[in-house]
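To be precise, the following lines are data_34.pdb, and they hold PDB, C-alpha atoms.
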```
ATOM      1  CA  MET W  29     -10.113  16.313 -58.236
ATOM      2  CA  THR W  30     -10.664  15.503 -61.895
ATOM      3  CA  SER W  31     -11.982  12.126 -60.715
ATOM      4  CA  LEU W  32     -15.214  13.934 -59.805
ATOM      5  CA  ASN W  33     -17.766  13.707 -62.596
ATOM      6  CA  GLY W  34     -18.026  17.080 -64.331
ATOM      7  CA  ILE W  35     -14.728  18.687 -63.330
ATOM      8  CA  GLY W  36     -12.114  18.713 -66.039
ATOM      9  CA  PRO W  37      -8.495  19.853 -65.919
ATOM     10  CA  SER W  38      -9.282  23.541 -66.416
ATOM     11  CA  GLY W  39     -12.021  23.566 -63.757
ATOM     12  CA  ALA W  40      -9.779  21.751 -61.290
ATOM     13  CA  ALA W  41      -6.929  24.153 -62.041
ATOM     14  CA  ARG W  42      -9.232  27.134 -61.508
ATOM     15  CA  LEU W  43     -10.384  25.854 -58.114
ATOM     16  CA  LEU W  44      -6.983  24.632 -56.931
ATOM     17  CA  GLY W  45      -5.236  27.802 -58.028
ATOM     18  CA  ASP W  46      -7.761  30.135 -56.437
ATOM     19  CA  ILE W  47      -8.292  28.113 -53.262
ATOM     20  CA  GLY W  48      -4.682  27.314 -52.506
ATOM     21  CA  ASP W  49      -4.874  25.662 -49.090
ATOM     22  CA  ILE W  50      -8.307  24.102 -48.464
ATOM     23  CA  SER W  51      -7.718  24.180 -44.706
ATOM     24  CA  ARG W  52      -8.426  27.922 -44.768
ATOM     25  CA  PHE W  53     -12.107  26.911 -44.933
ATOM     26  CA  PRO W  54     -12.957  25.380 -41.547
ATOM     27  CA  THR W  55     -16.282  23.944 -42.747
ATOM     28  CA  ARG W  56     -18.079  23.044 -45.943
ATOM     29  CA  GLY W  57     -20.424  25.969 -45.237
ATOM     30  CA  HIS W  58     -17.521  28.422 -45.369
ATOM     31  CA  PHE W  59     -16.437  26.864 -48.650
ATOM     32  CA  ALA W  60     -19.986  27.139 -50.037
ATOM     33  CA  THR W  61     -20.152  30.814 -49.065
ATOM     34  CA  TRP W  62     -16.849  31.427 -50.838
ATOM     35  CA  ASN W  63     -17.893  29.685 -54.059
ATOM     36  CA  GLY W  64     -21.389  31.194 -54.137
ATOM     37  CA  THR W  65     -23.501  28.089 -53.509
ATOM     38  CA  ALA W  66     -24.638  28.906 -49.970
ATOM     39  CA  PRO W  67     -28.303  29.913 -50.188
ATOM     40  CA  ILE W  68     -29.312  33.235 -48.636
ATOM     41  CA  ASP W  69     -32.906  33.668 -47.509
ATOM     42  CA  VAL W  70     -34.614  36.552 -49.348
ATOM     43  CA  SER W  71     -38.165  35.702 -48.286
ATOM     44  CA  SER W  72     -40.897  38.247 -47.884
ATOM     45  CA  GLY W  73     -44.197  37.391 -46.224
ATOM     46  CA  ASP W  74     -45.512  34.079 -47.509
ATOM     47  CA  ASN W  75     -43.053  34.034 -50.435
ATOM     48  CA  HIS W  76     -40.018  31.959 -49.497
ATOM     49  CA  HIS W  77     -37.033  32.383 -51.804
ATOM     50  CA  HIS W  78     -33.311  31.776 -51.651
ATOM     51  CA  ARG W  79     -30.541  33.309 -53.642
ATOM     52  CA  SER W  80     -26.902  32.342 -54.027
ATOM     53  CA  THR W  81     -24.157  34.911 -53.867
ATOM     54  CA  GLY W  82     -20.422  34.683 -53.965
ATOM     55  CA  PRO W  83     -17.343  36.836 -54.282
ATOM     56  CA  GLU W  84     -16.213  35.386 -57.618
ATOM     57  CA  PRO W  85     -18.505  34.121 -60.402
ATOM     58  CA  ALA W  86     -15.720  31.956 -61.895
ATOM     59  CA  HIS W  87     -15.836  29.599 -58.904
ATOM     60  CA  HIS W  88     -19.592  29.299 -59.136
ATOM     61  CA  ARG W  89     -19.233  28.653 -62.863
ATOM     62  CA  VAL W  90     -17.038  25.595 -62.276
ATOM     63  CA  LEU W  91     -19.749  24.123 -60.059
ATOM     64  CA  HIS W  92     -22.455  25.093 -62.568
ATOM     65  CA  ILE W  93     -20.622  23.247 -65.369
ATOM     66  CA  MET W  94     -20.197  20.287 -63.021
ATOM     67  CA  ALA W  95     -23.962  20.306 -62.299
ATOM     68  CA  ILE W  96     -24.909  20.515 -65.991
ATOM     69  CA  THR W  97     -22.573  17.616 -66.755
ATOM     70  CA  GLN W  98     -24.104  15.573 -63.936
ATOM     71  CA  LEU W  99     -27.604  16.197 -65.348
ATOM     72  CA  ARG W 100     -26.625  14.960 -68.803
ATOM     73  CA  PHE W 101     -25.578  11.525 -67.605
ATOM     74  CA  ASP W 102     -26.949   8.901 -65.235
ATOM     75  CA  THR W 103     -25.155  10.114 -62.092
ATOM     76  CA  PRO W 104     -26.008  10.500 -58.407
ATOM     77  CA  GLY W 105     -26.295  14.244 -59.094
ATOM     78  CA  ARG W 106     -28.994  13.652 -61.680
ATOM     79  CA  ALA W 107     -30.912  11.393 -59.275
ATOM     80  CA  TYR W 108     -30.634  14.069 -56.559
ATOM     81  CA  TYR W 109     -31.932  16.756 -58.955
ATOM     82  CA  GLN W 110     -34.870  14.558 -59.971
ATOM     83  CA  ARG W 111     -35.726  13.874 -56.295
ATOM     84  CA  LYS W 112     -35.779  17.627 -55.615
ATOM     85  CA  ARG W 113     -38.055  18.190 -58.619
ATOM     86  CA  ALA W 114     -40.359  15.394 -57.386
ATOM     87  CA  GLU W 115     -40.520  17.151 -53.997
ATOM     88  CA  GLY W 116     -42.012  20.171 -55.758
ATOM     89  CA  LYS W 117     -38.917  22.345 -56.164
ATOM     90  CA  THR W 118     -38.667  24.497 -59.272
ATOM     91  CA  ALA W 119     -35.923  23.733 -61.766
ATOM     92  CA  MET W 120     -33.900  26.674 -60.430
ATOM     93  CA  GLU W 121     -34.319  25.602 -56.805
ATOM     94  CA  ALA W 122     -33.357  22.012 -57.631
ATOM     95  CA  MET W 123     -30.291  23.242 -59.539
ATOM     96  CA  ARG W 124     -29.291  25.452 -56.602
ATOM     97  CA  ALA W 125     -29.594  22.481 -54.238
ATOM     98  CA  LEU W 126     -27.538  20.304 -56.600
ATOM     99  CA  LYS W 127     -24.769  22.912 -56.816
ATOM    100  CA  ARG W 128     -24.619  23.129 -53.033
ATOM    101  CA  ARG W 129     -24.404  19.351 -52.804
ATOM    102  CA  LEU W 130     -21.629  19.312 -55.411
ATOM    103  CA  SER W 131     -19.819  22.066 -53.482
ATOM    104  CA  ASP W 132     -19.852  19.786 -50.433
ATOM    105  CA  THR W 133     -18.542  16.911 -52.573
ATOM    106  CA  VAL W 134     -15.681  19.054 -53.921
ATOM    107  CA  TYR W 135     -14.858  20.203 -50.391
ATOM    108  CA  ARG W 136     -14.716  16.606 -49.099
ATOM    109  CA  GLN W 137     -12.517  15.558 -52.027
ATOM    110  CA  MET W 138     -10.111  18.453 -51.478
ATOM    111  CA  ILE W 139      -9.878  17.702 -47.744
ATOM    112  CA  LYS W 140      -9.190  14.046 -48.593
ATOM    113  CA  ASP W 141      -6.535  15.002 -51.181
ATOM    114  CA  ASP W 142      -4.919  17.427 -48.712
ATOM    115  CA  HIS W 143      -4.806  14.732 -46.024
ATOM    116  CA  THR W 144      -3.214  12.262 -48.488
ATOM    117  CA  ALA W 145      -0.628  14.868 -49.540
ATOM    118  CA  GLN W 146       0.273  15.557 -45.910
ATOM    119  CA  GLN W 147       0.729  11.841 -45.242
ATOM    120  CA  THR W 148       2.930  11.509 -48.318
ATOM    121  CA  ALA W 149       5.036  14.480 -47.203
ATOM    122  CA  THR W 150       5.437  12.935 -43.744
ATOM    123  CA  VAL W 151       6.615   9.653 -45.262
ATOM    124  CA  ARG W 152       9.106  11.497 -47.455
ATOM    125  CA  ARG W 153      10.475  13.414 -44.465
ATOM    126  CA  THR W 154      10.964  10.273 -42.403
ATOM    127  CA  HIS W 155      12.388   8.195 -45.247
ATOM    128  CA  GLY W 156      14.206  10.975 -47.068
ATOM    129  CA  ALA W 157      17.844  12.039 -46.911
ATOM    130  CA  THR W 158      20.044  10.536 -44.217
ATOM    131  CA  LEU W 159      23.209  11.973 -42.724
ATOM    132  CA  ASN W 160      25.230   9.608 -44.908
ATOM    133  CA  SER W 161      23.452  10.798 -48.025
ATOM    134  CA  SER W 162      25.171  13.031 -50.525
ATOM    135  CA  ALA W 163      22.053  15.248 -50.532
ATOM    136  CA  ALA W 164      22.527  16.040 -46.826
ATOM    137  CA  ASP W 165      26.291  16.629 -47.152
ATOM    138  CA  PRO W 166      27.314  20.305 -47.438
ATOM    139  CA  ASN W 167      30.156  19.150 -49.720
ATOM    140  CA  PRO W 168      28.569  16.535 -51.946
ATOM    141  CA  LYS W 169      30.772  13.770 -53.301
ATOM    142  CA  ILE W 170      31.486  14.116 -57.004
ATOM    143  CA  ASP W 171      31.807  11.069 -59.190
ATOM    144  CA  THR W 172      34.234  11.011 -62.134
ATOM    145  CA  SER W 173      31.341  11.254 -64.583
ATOM    146  CA  GLU W 174      30.307  14.540 -62.976
ATOM    147  CA  LYS W 175      33.708  16.255 -63.348
ATOM    148  CA  SER W 176      34.152  18.872 -66.015
ATOM    149  CA  GLN W 177      35.942  18.011 -69.247
ATOM    150  CA  PRO W 178      39.570  19.158 -69.705
ATOM    151  CA  GLY W 179      38.873  21.455 -72.625
ATOM    152  CA  PRO W 180      36.702  22.087 -75.667
ATOM    153  CA  ALA W 181      35.967  19.175 -77.938
ATOM    154  CA  ASN W 182      37.796  19.098 -81.290
ATOM    155  CA  HIS W 183      35.431  19.463 -84.191
ATOM    156  CA  HIS W 184      36.395  17.467 -87.284
ATOM    157  CA  PRO W 185      33.657  17.253 -89.923
ATOM    158  CA  LYS W 186      33.525  13.922 -91.774
ATOM    159  CA  THR W 187      33.314  15.554 -95.203
ATOM    160  CA  PRO W 188      35.218  18.717 -95.934
ATOM    161  CA  LEU W 189      33.173  21.683 -97.024
ATOM    162  CA  THR W 190      34.061  22.832-100.538
ATOM    163  CA  PRO W 191      33.292  26.363-101.625
ATOM    164  CA  THR W 192      30.633  26.677-104.330
ATOM    165  CA  PRO W 193      31.468  28.733-107.440
TER     166      PRO W 193
END
```
Go ahead and render the structure in this file as structure tokens.
Amino acid sequence: MTSLNGIGPSGAARLLGDIGDISRFPTRGHFATWNGTAPIDVSSGDNHHHRSTGPEPAHHRVLHIMAITQLRFDTPGRAYYQRKRAEGKTAMEAMRALKRRLSDTVYRQMIKDDHTAQQTATVRRTHGATLNSSAADPNPKIDTSEKSQPGPANHHPKTPLTPTP
């Protein structure tokens, strides 16, 4: 996940630790609701507004830092933000849209990483221990180098210690 521009080791650890299994979110929309980037309509009359809410501000913060980092450099996130501004969105609305887009990117990356991990686990299960393997044997074979020593080692210092006056 740290391959995504703007997520460092601590941000990735925060998300991975709090999310656990990404498959608990059936869609990217569920993930966005959880991390606080899903916009909620709070319009009244002719005023159309959206607000983001979420159960835990720390998750939203990781995506906010990711968005700020994307804006500082020439990235697809910066281009997306500038397109939203050119469409007439306010800075806050464009930032909200960018965070939602980054949430979707993180979700896709985590699904991809989960799929790769499952494939790796399947390969390990099929090519892992065999019945002839020592790991599968209830009484593993012990090599001579693994046997315990007959007794304590004798300690003979090279230079005798002399008492000081």
(-14.4, 25.9, -49.8) in this file's frame - what residues fall within 10 Å of it? Use all atoms listed in the file and give the answer as a ChimeraX atom specification. /W:43,47,49-64,87,131-132,134-136,138-139
Just say which residues the PyMOL selection byres ((chain W and resi 93-110) around 8) picks in this file, as a list of chain:residue names.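 Selection result, ordered by chain and number: W:Asn33, W:Gly34, W:Ile35, W:Arg89, W:Val90, W:Leu91, W:His92, W:Arg111, W:Lys112, W:Arg113, W:Ala114, W:Ala122, W:Met123, W:Ala125, W:Leu126, W:Lys127, W:Leu130.
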In Å, rounded to a single decimal, give me how far atom CA of W:His88 is from atom CA of W:Ala66. 10.5 Å
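Between atom CA of W:Gln146 and atom CA of W:Ser31 there is a distance of 19.5 Å.
Atom CA of W:Leu44 is found 11.1 Å from atom CA of W:Asp142.
Candidate residues W:Arg124, W:Gln137, W:Ala145, W:Ala119 were compared for distance to W:Ala40, and the nearest is W:Gln137, using only C-alpha atoms.
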